[in-house]
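Trainee: Dropping in structure23.cif, which is mmCIF, N, CA and C atoms:
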data_target
#
loop_
_atom_site.group_PDB
_atom_site.id
_atom_site.type_symbol
_atom_site.label_atom_id
_atom_site.label_comp_id
_atom_site.auth_asym_id
_atom_site.auth_seq_id
_atom_site.Cartn_x
_atom_site.Cartn_y
_atom_site.Cartn_z
ATOM 1 N N MET B 1 74.272 -38.100 -7.417
ATOM 2 C CA MET B 1 73.539 -37.438 -8.473
ATOM 3 C C MET B 1 73.493 -35.927 -8.214
ATOM 4 N N LEU B 2 73.428 -35.544 -6.939
ATOM 5 C CA LEU B 2 73.390 -34.128 -6.598
ATOM 6 C C LEU B 2 74.680 -33.422 -7.018
ATOM 7 N N ASN B 3 75.800 -34.109 -6.880
ATOM 8 C CA ASN B 3 77.076 -33.538 -7.314
ATOM 9 C C ASN B 3 77.115 -33.376 -8.837
ATOM 10 N N VAL B 4 76.537 -34.321 -9.536
ATOM 11 C CA VAL B 4 76.480 -34.239 -11.001
ATOM 12 C C VAL B 4 75.629 -33.035 -11.414
ATOM 13 N N ILE B 5 74.499 -32.849 -10.751
ATOM 14 C CA ILE B 5 73.638 -31.703 -11.063
ATOM 15 C C ILE B 5 74.401 -30.402 -10.852
ATOM 16 N N ASN B 6 75.091 -30.316 -9.725
ATOM 17 C CA ASN B 6 75.863 -29.111 -9.423
ATOM 18 C C ASN B 6 76.917 -28.861 -10.499
ATOM 19 N N ALA B 7 77.610 -29.912 -10.913
ATOM 20 C CA ALA B 7 78.624 -29.781 -11.956
ATOM 21 C C ALA B 7 78.002 -29.338 -13.286
ATOM 22 N N LEU B 8 76.842 -29.892 -13.616
ATOM 23 C CA LEU B 8 76.161 -29.500 -14.857
ATOM 24 C C LEU B 8 75.776 -28.026 -14.831
ATOM 25 N N VAL B 9 75.284 -27.553 -13.702
ATOM 26 C CA VAL B 9 74.899 -26.137 -13.577
ATOM 27 C C VAL B 9 76.132 -25.253 -13.714
ATOM 28 N N GLU B 10 77.241 -25.645 -13.061
ATOM 29 C CA GLU B 10 78.478 -24.866 -13.171
ATOM 30 C C GLU B 10 78.961 -24.783 -14.613
ATOM 31 N N GLN B 11 78.711 -25.844 -15.392
ATOM 32 C CA GLN B 11 79.111 -25.868 -16.793
ATOM 33 C C GLN B 11 78.049 -25.255 -17.716
ATOM 34 N N LYS B 12 77.003 -24.724 -17.086
ATOM 35 C CA LYS B 12 75.878 -24.097 -17.813
ATOM 36 C C LYS B 12 75.170 -25.083 -18.747
ATOM 37 N N MET B 13 75.119 -26.333 -18.316
ATOM 38 C CA MET B 13 74.398 -27.383 -19.049
ATOM 39 C C MET B 13 73.053 -27.561 -18.343
ATOM 40 N N PHE B 14 72.164 -26.596 -18.546
ATOM 41 C CA PHE B 14 70.943 -26.507 -17.755
ATOM 42 C C PHE B 14 69.910 -27.576 -18.068
ATOM 43 N N GLU B 15 69.785 -27.966 -19.312
ATOM 44 C CA GLU B 15 68.749 -28.939 -19.658
ATOM 45 C C GLU B 15 69.005 -30.305 -19.012
ATOM 46 N N PRO B 16 70.213 -30.869 -19.103
ATOM 47 C CA PRO B 16 70.433 -32.133 -18.404
ATOM 48 C C PRO B 16 70.290 -31.982 -16.885
ATOM 49 N N ALA B 17 70.728 -30.847 -16.344
ATOM 50 C CA ALA B 17 70.580 -30.606 -14.904
ATOM 51 C C ALA B 17 69.106 -30.565 -14.529
ATOM 52 N N ARG B 18 68.306 -29.875 -15.334
ATOM 53 C CA ARG B 18 66.877 -29.770 -15.062
ATOM 54 C C ARG B 18 66.203 -31.138 -15.086
ATOM 55 N N ARG B 19 66.612 -31.985 -16.028
ATOM 56 C CA ARG B 19 66.022 -33.327 -16.111
ATOM 57 C C ARG B 19 66.360 -34.175 -14.885
ATOM 58 N N LEU B 20 67.600 -34.087 -14.422
ATOM 59 C CA LEU B 20 67.985 -34.831 -13.220
ATOM 60 C C LEU B 20 67.264 -34.293 -11.986
ATOM 61 N N ILE B 21 67.120 -32.982 -11.902
ATOM 62 C CA ILE B 21 66.376 -32.376 -10.794
ATOM 63 C C ILE B 21 64.943 -32.877 -10.799
ATOM 64 N N LYS B 22 64.315 -32.866 -11.957
ATOM 65 C CA LYS B 22 62.931 -33.335 -12.085
ATOM 66 C C LYS B 22 62.819 -34.802 -11.661
ATOM 67 N N TYR B 23 63.788 -35.601 -12.094
ATOM 68 C CA TYR B 23 63.783 -37.025 -11.727
ATOM 69 C C TYR B 23 63.835 -37.182 -10.210
ATOM 70 N N LEU B 24 64.726 -36.467 -9.565
ATOM 71 C CA LEU B 24 64.848 -36.578 -8.109
ATOM 72 C C LEU B 24 63.611 -36.037 -7.396
ATOM 73 N N GLU B 25 63.065 -34.940 -7.900
ATOM 74 C CA GLU B 25 61.846 -34.397 -7.288
ATOM 75 C C GLU B 25 60.690 -35.382 -7.401
ATOM 76 N N ASP B 26 60.602 -36.054 -8.516
ATOM 77 C CA ASP B 26 59.531 -37.033 -8.717
ATOM 78 C C ASP B 26 59.735 -38.313 -7.908
ATOM 79 N N SER B 27 60.965 -38.554 -7.462
ATOM 80 C CA SER B 27 61.239 -39.790 -6.736
ATOM 81 C C SER B 27 60.846 -39.713 -5.259
ATOM 82 N N GLU B 28 60.406 -38.575 -4.810
ATOM 83 C CA GLU B 28 59.920 -38.392 -3.438
ATOM 84 C C GLU B 28 60.944 -38.902 -2.420
ATOM 85 N N ILE B 29 62.005 -38.175 -2.261
ATOM 86 C CA ILE B 29 63.071 -38.527 -1.323
ATOM 87 C C ILE B 29 62.492 -38.601 0.091
ATOM 88 N N HIS B 30 62.815 -39.661 0.802
ATOM 89 C CA HIS B 30 62.295 -39.872 2.156
ATOM 90 C C HIS B 30 62.830 -38.804 3.113
ATOM 91 N N GLU B 31 62.054 -38.497 4.137
ATOM 92 C CA GLU B 31 62.422 -37.471 5.107
ATOM 93 C C GLU B 31 63.690 -37.802 5.882
ATOM 94 N N TYR B 32 64.068 -39.068 5.922
ATOM 95 C CA TYR B 32 65.326 -39.431 6.571
ATOM 96 C C TYR B 32 66.509 -38.732 5.903
ATOM 97 N N PHE B 33 66.345 -38.393 4.659
ATOM 98 C CA PHE B 33 67.410 -37.787 3.878
ATOM 99 C C PHE B 33 67.179 -36.283 3.732
ATOM 100 N N THR B 34 66.997 -35.625 4.856
ATOM 101 C CA THR B 34 66.682 -34.192 4.857
ATOM 102 C C THR B 34 67.796 -33.379 4.207
ATOM 103 N N PHE B 35 69.043 -33.698 4.515
ATOM 104 C CA PHE B 35 70.141 -32.937 3.915
ATOM 105 C C PHE B 35 70.115 -33.058 2.394
ATOM 106 N N GLU B 36 69.860 -34.247 1.900
ATOM 107 C CA GLU B 36 69.793 -34.445 0.452
ATOM 108 C C GLU B 36 68.615 -33.678 -0.152
ATOM 109 N N LYS B 37 67.507 -33.645 0.584
ATOM 110 C CA LYS B 37 66.355 -32.879 0.098
ATOM 111 C C LYS B 37 66.707 -31.397 0.009
ATOM 112 N N LEU B 38 67.421 -30.905 1.020
ATOM 113 C CA LEU B 38 67.854 -29.505 1.004
ATOM 114 C C LEU B 38 68.831 -29.243 -0.135
ATOM 115 N N ALA B 39 69.742 -30.178 -0.361
ATOM 116 C CA ALA B 39 70.689 -30.026 -1.466
ATOM 117 C C ALA B 39 69.963 -29.998 -2.807
ATOM 118 N N LEU B 40 68.913 -30.786 -2.936
ATOM 119 C CA LEU B 40 68.122 -30.782 -4.167
ATOM 120 C C LEU B 40 67.428 -29.434 -4.352
ATOM 121 N N ILE B 41 66.889 -28.896 -3.266
ATOM 122 C CA ILE B 41 66.259 -27.567 -3.337
ATOM 123 C C ILE B 41 67.291 -26.534 -3.790
ATOM 124 N N TYR B 42 68.468 -26.589 -3.185
ATOM 125 C CA TYR B 42 69.527 -25.649 -3.566
ATOM 126 C C TYR B 42 69.865 -25.795 -5.056
ATOM 127 N N ASN B 43 70.059 -27.026 -5.514
ATOM 128 C CA ASN B 43 70.401 -27.239 -6.922
ATOM 129 C C ASN B 43 69.311 -26.728 -7.849
ATOM 130 N N HIS B 44 68.060 -26.960 -7.483
ATOM 131 C CA HIS B 44 66.936 -26.486 -8.297
ATOM 132 C C HIS B 44 66.961 -24.955 -8.380
ATOM 133 N N VAL B 45 67.113 -24.316 -7.235
ATOM 134 C CA VAL B 45 67.107 -22.850 -7.200
ATOM 135 C C VAL B 45 68.332 -22.291 -7.912
ATOM 136 N N ASN B 46 69.484 -22.896 -7.703
ATOM 137 C CA ASN B 46 70.697 -22.425 -8.352
ATOM 138 C C ASN B 46 70.589 -22.553 -9.869
ATOM 139 N N CYS B 47 70.046 -23.659 -10.337
ATOM 140 C CA CYS B 47 69.862 -23.853 -11.777
ATOM 141 C C CYS B 47 68.917 -22.788 -12.339
ATOM 142 N N SER B 48 67.833 -22.543 -11.631
ATOM 143 C CA SER B 48 66.878 -21.526 -12.082
ATOM 144 C C SER B 48 67.519 -20.141 -12.087
ATOM 145 N N TYR B 49 68.284 -19.837 -11.042
ATOM 146 C CA TYR B 49 68.932 -18.526 -10.969
ATOM 147 C C TYR B 49 69.936 -18.356 -12.102
ATOM 148 N N GLN B 50 70.720 -19.391 -12.372
ATOM 149 C CA GLN B 50 71.718 -19.316 -13.442
ATOM 150 C C GLN B 50 71.051 -19.102 -14.801
ATOM 151 N N ARG B 51 69.783 -19.492 -14.881
ATOM 152 C CA ARG B 51 69.036 -19.301 -16.132
ATOM 153 C C ARG B 51 68.283 -17.969 -16.096
ATOM 154 N N ASP B 52 68.719 -17.047 -15.214
ATOM 155 C CA ASP B 52 68.186 -15.690 -15.103
ATOM 156 C C ASP B 52 66.784 -15.615 -14.525
ATOM 157 N N ASP B 53 66.438 -16.518 -13.621
ATOM 158 C CA ASP B 53 65.165 -16.447 -12.919
ATOM 159 C C ASP B 53 65.415 -15.730 -11.594
ATOM 160 N N GLU B 54 65.199 -14.437 -11.565
ATOM 161 C CA GLU B 54 65.495 -13.613 -10.393
ATOM 162 C C GLU B 54 64.562 -13.903 -9.216
ATOM 163 N N GLN B 55 63.454 -14.573 -9.435
ATOM 164 C CA GLN B 55 62.491 -14.844 -8.371
ATOM 165 C C GLN B 55 62.983 -15.911 -7.397
ATOM 166 N N THR B 56 64.115 -16.495 -7.671
ATOM 167 C CA THR B 56 64.635 -17.557 -6.813
ATOM 168 C C THR B 56 65.319 -17.016 -5.560
ATOM 169 N N SER B 57 65.571 -15.721 -5.493
ATOM 170 C CA SER B 57 66.318 -15.165 -4.366
ATOM 171 C C SER B 57 65.604 -15.394 -3.037
ATOM 172 N N GLU B 58 64.286 -15.334 -3.016
ATOM 173 C CA GLU B 58 63.538 -15.562 -1.781
ATOM 174 C C GLU B 58 63.754 -16.981 -1.255
ATOM 175 N N VAL B 59 63.772 -17.952 -2.152
ATOM 176 C CA VAL B 59 63.997 -19.339 -1.751
ATOM 177 C C VAL B 59 65.421 -19.512 -1.232
ATOM 178 N N MET B 60 66.391 -18.854 -1.867
ATOM 179 C CA MET B 60 67.774 -18.943 -1.414
ATOM 180 C C MET B 60 67.927 -18.372 -0.008
ATOM 181 N N VAL B 61 67.237 -17.288 0.293
ATOM 182 C CA VAL B 61 67.300 -16.696 1.631
ATOM 183 C C VAL B 61 66.695 -17.665 2.650
ATOM 184 N N LYS B 62 65.580 -18.293 2.311
ATOM 185 C CA LYS B 62 64.976 -19.293 3.210
ATOM 186 C C LYS B 62 65.920 -20.476 3.409
ATOM 187 N N TYR B 63 66.582 -20.890 2.347
ATOM 188 C CA TYR B 63 67.545 -21.985 2.418
ATOM 189 C C TYR B 63 68.671 -21.611 3.386
ATOM 190 N N LEU B 64 69.151 -20.377 3.290
ATOM 191 C CA LEU B 64 70.188 -19.902 4.204
ATOM 192 C C LEU B 64 69.701 -19.950 5.650
ATOM 193 N N GLU B 65 68.476 -19.528 5.891
ATOM 194 C CA GLU B 65 67.906 -19.558 7.245
ATOM 195 C C GLU B 65 67.852 -20.989 7.787
ATOM 196 N N ILE B 66 67.515 -21.934 6.947
ATOM 197 C CA ILE B 66 67.453 -23.347 7.372
ATOM 198 C C ILE B 66 68.851 -23.837 7.732
ATOM 199 N N LEU B 67 69.836 -23.511 6.908
ATOM 200 C CA LEU B 67 71.205 -23.926 7.200
ATOM 201 C C LEU B 67 71.681 -23.342 8.523
ATOM 202 N N GLU B 68 71.354 -22.074 8.759
ATOM 203 C CA GLU B 68 71.748 -21.448 10.020
ATOM 204 C C GLU B 68 71.033 -22.108 11.193
ATOM 205 N N PHE B 69 69.755 -22.399 11.041
ATOM 206 C CA PHE B 69 68.982 -23.049 12.097
ATOM 207 C C PHE B 69 69.552 -24.427 12.426
ATOM 208 N N CYS B 70 69.987 -25.154 11.396
ATOM 209 C CA CYS B 70 70.524 -26.504 11.578
ATOM 210 C C CYS B 70 71.998 -26.496 11.986
ATOM 211 N N ASP B 71 72.539 -25.314 12.250
ATOM 212 C CA ASP B 71 73.935 -25.169 12.668
ATOM 213 C C ASP B 71 74.890 -25.784 11.650
ATOM 214 N N CYS B 72 74.752 -25.317 10.408
ATOM 215 C CA CYS B 72 75.626 -25.734 9.316
ATOM 216 C C CYS B 72 76.418 -24.506 8.847
ATOM 217 N N PRO B 73 77.392 -24.052 9.644
ATOM 218 C CA PRO B 73 78.046 -22.776 9.356
ATOM 219 C C PRO B 73 78.822 -22.731 8.045
ATOM 220 N N LYS B 74 79.454 -23.816 7.654
ATOM 221 C CA LYS B 74 80.227 -23.797 6.403
ATOM 222 C C LYS B 74 79.302 -23.642 5.200
ATOM 223 N N ALA B 75 78.240 -24.431 5.170
ATOM 224 C CA ALA B 75 77.285 -24.335 4.061
ATOM 225 C C ALA B 75 76.585 -22.984 4.081
ATOM 226 N N ALA B 76 76.235 -22.500 5.279
ATOM 227 C CA ALA B 76 75.562 -21.199 5.396
ATOM 228 C C ALA B 76 76.466 -20.075 4.901
ATOM 229 N N THR B 77 77.745 -20.148 5.234
ATOM 230 C CA THR B 77 78.693 -19.128 4.768
ATOM 231 C C THR B 77 78.794 -19.135 3.254
ATOM 232 N N GLN B 78 78.835 -20.319 2.662
ATOM 233 C CA GLN B 78 78.917 -20.426 1.200
ATOM 234 C C GLN B 78 77.685 -19.811 0.543
ATOM 235 N N VAL B 79 76.511 -20.157 1.048
ATOM 236 C CA VAL B 79 75.272 -19.619 0.472
ATOM 237 C C VAL B 79 75.196 -18.113 0.704
ATOM 238 N N SER B 80 75.612 -17.667 1.876
ATOM 239 C CA SER B 80 75.610 -16.233 2.178
ATOM 240 C C SER B 80 76.507 -15.472 1.200
ATOM 241 N N LYS B 81 77.687 -16.030 0.904
ATOM 242 C CA LYS B 81 78.588 -15.399 -0.064
ATOM 243 C C LYS B 81 77.962 -15.356 -1.449
ATOM 244 N N GLU B 82 77.297 -16.444 -1.838
ATOM 245 C CA GLU B 82 76.637 -16.469 -3.146
ATOM 246 C C GLU B 82 75.559 -15.400 -3.229
ATOM 247 N N LEU B 83 74.765 -15.283 -2.167
ATOM 248 C CA LEU B 83 73.720 -14.257 -2.149
ATOM 249 C C LEU B 83 74.335 -12.873 -2.236
ATOM 250 N N HIS B 84 75.399 -12.651 -1.485
ATOM 251 C CA HIS B 84 76.087 -11.347 -1.509
ATOM 252 C C HIS B 84 76.623 -11.055 -2.911
ATOM 253 N N ASN B 85 77.253 -12.063 -3.537
ATOM 254 C CA ASN B 85 77.805 -11.882 -4.886
ATOM 255 C C ASN B 85 76.715 -11.582 -5.912
ATOM 256 N N ARG B 86 75.517 -12.065 -5.659
ATOM 257 C CA ARG B 86 74.393 -11.833 -6.574
ATOM 258 C C ARG B 86 73.664 -10.536 -6.250
ATOM 259 N N GLY B 87 74.106 -9.848 -5.193
ATOM 260 C CA GLY B 87 73.494 -8.571 -4.804
ATOM 261 C C GLY B 87 72.160 -8.747 -4.099
ATOM 262 N N ILE B 88 71.947 -9.894 -3.484
ATOM 263 C CA ILE B 88 70.696 -10.175 -2.776
ATOM 264 C C ILE B 88 70.876 -9.827 -1.319
ATOM 265 N N LYS B 89 70.004 -8.966 -0.807
ATOM 266 C CA LYS B 89 70.060 -8.566 0.603
ATOM 267 C C LYS B 89 69.554 -9.701 1.479
ATOM 268 N N ILE B 90 70.275 -9.926 2.573
ATOM 269 C CA ILE B 90 69.898 -10.956 3.533
ATOM 270 C C ILE B 90 69.290 -10.266 4.742
ATOM 271 N N PRO B 91 68.004 -10.515 4.999
ATOM 272 C CA PRO B 91 67.376 -9.884 6.163
ATOM 273 C C PRO B 91 67.988 -10.412 7.451
ATOM 274 N N LYS B 92 68.095 -9.537 8.442
ATOM 275 C CA LYS B 92 68.655 -9.949 9.744
ATOM 276 C C LYS B 92 67.574 -10.364 10.687
#
Kindly present the structure from the file in structure tokens form.
Mentor:
Amino acid sequence: MLNVINALVEQKMFEPARRLIKYLEDSEIHEYFTFEKLALIYNHVNCSYQRDDEQTSEVMVKYLEILEFCDCPKAATQVSKELHNRGIKIPK
């Protein structure tokens, strides 16, 4: 479902993406699925950002910090590039 949400956001189909995000948020994903919870946070923030919500940049920076802490270099690099492309400064 997370891949579907990502695809919907890429296609700028925000309303169906938002509904799926809401459904997953309401389903209270168990802590065993931490990566999936993080992916849901990313999808939520990305959807909001694509809809011109500039306040999401702080959450994206925190998401990047979590990826770096969890030693996820590929995902962290991708998010870092997205932040750079959006002109968001990443604190050191």
Trainee: Can you list, as JSON, numbers by chain, all residues belonging to chain B that DSSP tags as helix (DSSP H, G or I)?
Mentor: {"B": [2, 3, 4, 5, 6, 7, 8, 9, 10, 14, 15, 16, 17, 18, 19, 20, 21, 22, 23, 24, 25, 26, 31, 32, 33, 34, 35, 36, 37, 38, 39, 40, 41, 42, 43, 44, 45, 46, 47, 48, 49, 50, 54, 55, 56, 57, 58, 59, 60, 61, 62, 63, 64, 65, 66, 67, 68, 69, 73, 74, 75, 76, 77, 78, 79, 80, 81, 82, 83, 84, 85]}
Trainee: From the list B:His84, B:Arg18, B:Lys62, B:Lys89, which residue is nearest Gln50 in chain B when using only C-alpha atoms?
Mentor: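 Distance minimum relative to Gln50 in chain B lands on B:Arg18.
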Trainee: Using only C-alpha atoms, pick whichever of B:Ala75, B:Leu64, B:Val9, B:Ile29 has the shortest atom-to-atom distance to Tyr49 in chain B.
Mentor: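 Among B:Ala75, B:Leu64, B:Val9, B:Ile29, it is B:Val9 that comes nearest to Tyr49 in chain B.
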Trainee: For Leu2 in chain B, please output as an MDAnalysis selection string all residues within 12 Å (counting only C-alpha atoms; exclusion window: fewer than 2 positions along the same chain).
Mentor: chainID B and resid 4:9 17:18 20:25 35:44
Trainee: Within 8 Å of (69.8, -19.4, 0.5) in the file's own coordinates, which protein, DNA or RNA residues have an atom, counting only N, CA and C atoms? List them as a VMD selection string.
Mentor: chain B and resid 42 56 to 67 76 78 to 80 82 to 83
Trainee: Can you measure CA of Met1 in chain B to CA of Arg19 in chain B for me? One decimal in Å is fine.
Mentor: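 Taking CA of Met1 in chain B and CA of Arg19 in chain B, their separation equals 11.5 Å.
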Trainee: Could you give me range 15-26 of chain B completed to all heavy atoms, formatted as a PDB file, keeping the file's coordinate frame?
Mentor:
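What landed in result06.pdb:
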ATOM      1  N   GLU B  15      69.785 -27.966 -19.312  1.00  0.00           N
ATOM      2  CA  GLU B  15      68.749 -28.939 -19.658  1.00  0.00           C
ATOM      3  C   GLU B  15      69.005 -30.305 -19.012  1.00  0.00           C
ATOM      4  O   GLU B  15      68.090 -30.866 -18.400  1.00  0.00           O
ATOM      5  CB  GLU B  15      68.589 -29.067 -21.172  1.00  0.00           C
ATOM      6  CG  GLU B  15      67.398 -29.896 -21.591  1.00  0.00           C
ATOM      7  CD  GLU B  15      66.071 -29.427 -20.993  1.00  0.00           C
ATOM      8  OE1 GLU B  15      65.896 -28.218 -20.760  1.00  0.00           O
ATOM      9  OE2 GLU B  15      65.202 -30.286 -20.734  1.00  0.00           O
ATOM     10  N   PRO B  16      70.213 -30.869 -19.103  1.00  0.00           N
ATOM     11  CA  PRO B  16      70.433 -32.133 -18.404  1.00  0.00           C
ATOM     12  C   PRO B  16      70.290 -31.982 -16.885  1.00  0.00           C
ATOM     13  O   PRO B  16      69.761 -32.878 -16.215  1.00  0.00           O
ATOM     14  CB  PRO B  16      71.862 -32.531 -18.765  1.00  0.00           C
ATOM     15  CG  PRO B  16      72.276 -31.649 -19.870  1.00  0.00           C
ATOM     16  CD  PRO B  16      71.360 -30.483 -19.906  1.00  0.00           C
ATOM     17  N   ALA B  17      70.728 -30.847 -16.344  1.00  0.00           N
ATOM     18  CA  ALA B  17      70.580 -30.606 -14.904  1.00  0.00           C
ATOM     19  C   ALA B  17      69.106 -30.565 -14.529  1.00  0.00           C
ATOM     20  O   ALA B  17      68.687 -31.177 -13.532  1.00  0.00           O
ATOM     21  CB  ALA B  17      71.266 -29.299 -14.512  1.00  0.00           C
ATOM     22  N   ARG B  18      68.306 -29.875 -15.334  1.00  0.00           N
ATOM     23  CA  ARG B  18      66.877 -29.770 -15.062  1.00  0.00           C
ATOM     24  C   ARG B  18      66.203 -31.138 -15.086  1.00  0.00           C
ATOM     25  O   ARG B  18      65.363 -31.442 -14.240  1.00  0.00           O
ATOM     26  CB  ARG B  18      66.210 -28.836 -16.077  1.00  0.00           C
ATOM     27  CG  ARG B  18      64.763 -28.508 -15.744  1.00  0.00           C
ATOM     28  CD  ARG B  18      64.036 -27.911 -16.935  1.00  0.00           C
ATOM     29  NE  ARG B  18      63.988 -28.802 -18.077  1.00  0.00           N
ATOM     30  CZ  ARG B  18      63.221 -29.885 -18.181  1.00  0.00           C
ATOM     31  NH1 ARG B  18      62.433 -30.248 -17.207  1.00  0.00           N
ATOM     32  NH2 ARG B  18      63.238 -30.623 -19.273  1.00  0.00           N
ATOM     33  N   ARG B  19      66.612 -31.985 -16.028  1.00  0.00           N
ATOM     34  CA  ARG B  19      66.022 -33.327 -16.111  1.00  0.00           C
ATOM     35  C   ARG B  19      66.360 -34.175 -14.885  1.00  0.00           C
ATOM     36  O   ARG B  19      65.501 -34.894 -14.365  1.00  0.00           O
ATOM     37  CB  ARG B  19      66.461 -34.033 -17.393  1.00  0.00           C
ATOM     38  CG  ARG B  19      65.631 -33.575 -18.600  1.00  0.00           C
ATOM     39  CD  ARG B  19      65.967 -34.362 -19.829  1.00  0.00           C
ATOM     40  NE  ARG B  19      67.018 -33.582 -20.502  1.00  0.00           N
ATOM     41  CZ  ARG B  19      67.974 -34.082 -21.245  1.00  0.00           C
ATOM     42  NH1 ARG B  19      68.053 -35.357 -21.470  1.00  0.00           N
ATOM     43  NH2 ARG B  19      68.861 -33.312 -21.797  1.00  0.00           N
ATOM     44  N   LEU B  20      67.600 -34.087 -14.422  1.00  0.00           N
ATOM     45  CA  LEU B  20      67.985 -34.831 -13.220  1.00  0.00           C
ATOM     46  C   LEU B  20      67.264 -34.293 -11.986  1.00  0.00           C
ATOM     47  O   LEU B  20      66.838 -35.063 -11.123  1.00  0.00           O
ATOM     48  CB  LEU B  20      69.497 -34.776 -13.019  1.00  0.00           C
ATOM     49  CG  LEU B  20      70.329 -35.587 -13.990  1.00  0.00           C
ATOM     50  CD1 LEU B  20      71.816 -35.325 -13.781  1.00  0.00           C
ATOM     51  CD2 LEU B  20      70.029 -37.070 -13.854  1.00  0.00           C
ATOM     52  N   ILE B  21      67.120 -32.982 -11.902  1.00  0.00           N
ATOM     53  CA  ILE B  21      66.376 -32.376 -10.794  1.00  0.00           C
ATOM     54  C   ILE B  21      64.943 -32.877 -10.799  1.00  0.00           C
ATOM     55  O   ILE B  21      64.406 -33.284  -9.769  1.00  0.00           O
ATOM     56  CB  ILE B  21      66.431 -30.836 -10.876  1.00  0.00           C
ATOM     57  CG1 ILE B  21      67.844 -30.343 -10.548  1.00  0.00           C
ATOM     58  CG2 ILE B  21      65.404 -30.197  -9.950  1.00  0.00           C
ATOM     59  CD1 ILE B  21      68.085 -28.886 -10.882  1.00  0.00           C
ATOM     60  N   LYS B  22      64.315 -32.866 -11.957  1.00  0.00           N
ATOM     61  CA  LYS B  22      62.931 -33.335 -12.085  1.00  0.00           C
ATOM     62  C   LYS B  22      62.819 -34.802 -11.661  1.00  0.00           C
ATOM     63  O   LYS B  22      61.892 -35.186 -10.951  1.00  0.00           O
ATOM     64  CB  LYS B  22      62.455 -33.155 -13.529  1.00  0.00           C
ATOM     65  CG  LYS B  22      61.085 -33.678 -13.834  1.00  0.00           C
ATOM     66  CD  LYS B  22      60.025 -32.691 -13.414  1.00  0.00           C
ATOM     67  CE  LYS B  22      58.670 -33.104 -13.942  1.00  0.00           C
ATOM     68  NZ  LYS B  22      57.769 -33.495 -12.880  1.00  0.00           N
ATOM     69  N   TYR B  23      63.788 -35.601 -12.094  1.00  0.00           N
ATOM     70  CA  TYR B  23      63.783 -37.025 -11.727  1.00  0.00           C
ATOM     71  C   TYR B  23      63.835 -37.182 -10.210  1.00  0.00           C
ATOM     72  O   TYR B  23      63.063 -37.958  -9.629  1.00  0.00           O
ATOM     73  CB  TYR B  23      64.963 -37.738 -12.384  1.00  0.00           C
ATOM     74  CG  TYR B  23      65.141 -39.149 -11.875  1.00  0.00           C
ATOM     75  CD1 TYR B  23      64.322 -40.176 -12.337  1.00  0.00           C
ATOM     76  CD2 TYR B  23      66.097 -39.444 -10.915  1.00  0.00           C
ATOM     77  CE1 TYR B  23      64.464 -41.472 -11.852  1.00  0.00           C
ATOM     78  CE2 TYR B  23      66.246 -40.735 -10.430  1.00  0.00           C
ATOM     79  CZ  TYR B  23      65.423 -41.737 -10.895  1.00  0.00           C
ATOM     80  OH  TYR B  23      65.555 -43.011 -10.406  1.00  0.00           O
ATOM     81  N   LEU B  24      64.726 -36.467  -9.565  1.00  0.00           N
ATOM     82  CA  LEU B  24      64.848 -36.578  -8.109  1.00  0.00           C
ATOM     83  C   LEU B  24      63.611 -36.037  -7.396  1.00  0.00           C
ATOM     84  O   LEU B  24      63.162 -36.606  -6.405  1.00  0.00           O
ATOM     85  CB  LEU B  24      66.100 -35.861  -7.614  1.00  0.00           C
ATOM     86  CG  LEU B  24      67.411 -36.553  -7.921  1.00  0.00           C
ATOM     87  CD1 LEU B  24      68.585 -35.700  -7.452  1.00  0.00           C
ATOM     88  CD2 LEU B  24      67.471 -37.930  -7.281  1.00  0.00           C
ATOM     89  N   GLU B  25      63.065 -34.940  -7.900  1.00  0.00           N
ATOM     90  CA  GLU B  25      61.846 -34.397  -7.288  1.00  0.00           C
ATOM     91  C   GLU B  25      60.690 -35.382  -7.401  1.00  0.00           C
ATOM     92  O   GLU B  25      59.907 -35.538  -6.468  1.00  0.00           O
ATOM     93  CB  GLU B  25      61.474 -33.062  -7.932  1.00  0.00           C
ATOM     94  CG  GLU B  25      62.397 -31.940  -7.544  1.00  0.00           C
ATOM     95  CD  GLU B  25      62.106 -30.641  -8.269  1.00  0.00           C
ATOM     96  OE1 GLU B  25      61.484 -30.660  -9.358  1.00  0.00           O
ATOM     97  OE2 GLU B  25      62.522 -29.614  -7.746  1.00  0.00           O
ATOM     98  N   ASP B  26      60.602 -36.054  -8.516  1.00  0.00           N
ATOM     99  CA  ASP B  26      59.531 -37.033  -8.717  1.00  0.00           C
ATOM    100  C   ASP B  26      59.735 -38.313  -7.908  1.00  0.00           C
ATOM    101  O   ASP B  26      58.789 -39.061  -7.684  1.00  0.00           O
ATOM    102  CB  ASP B  26      59.401 -37.394 -10.203  1.00  0.00           C
ATOM    103  CG  ASP B  26      58.851 -36.250 -11.032  1.00  0.00           C
ATOM    104  OD1 ASP B  26      58.318 -35.281 -10.453  1.00  0.00           O
ATOM    105  OD2 ASP B  26      58.968 -36.326 -12.272  1.00  0.00           O
TER     106      ASP B  26
END
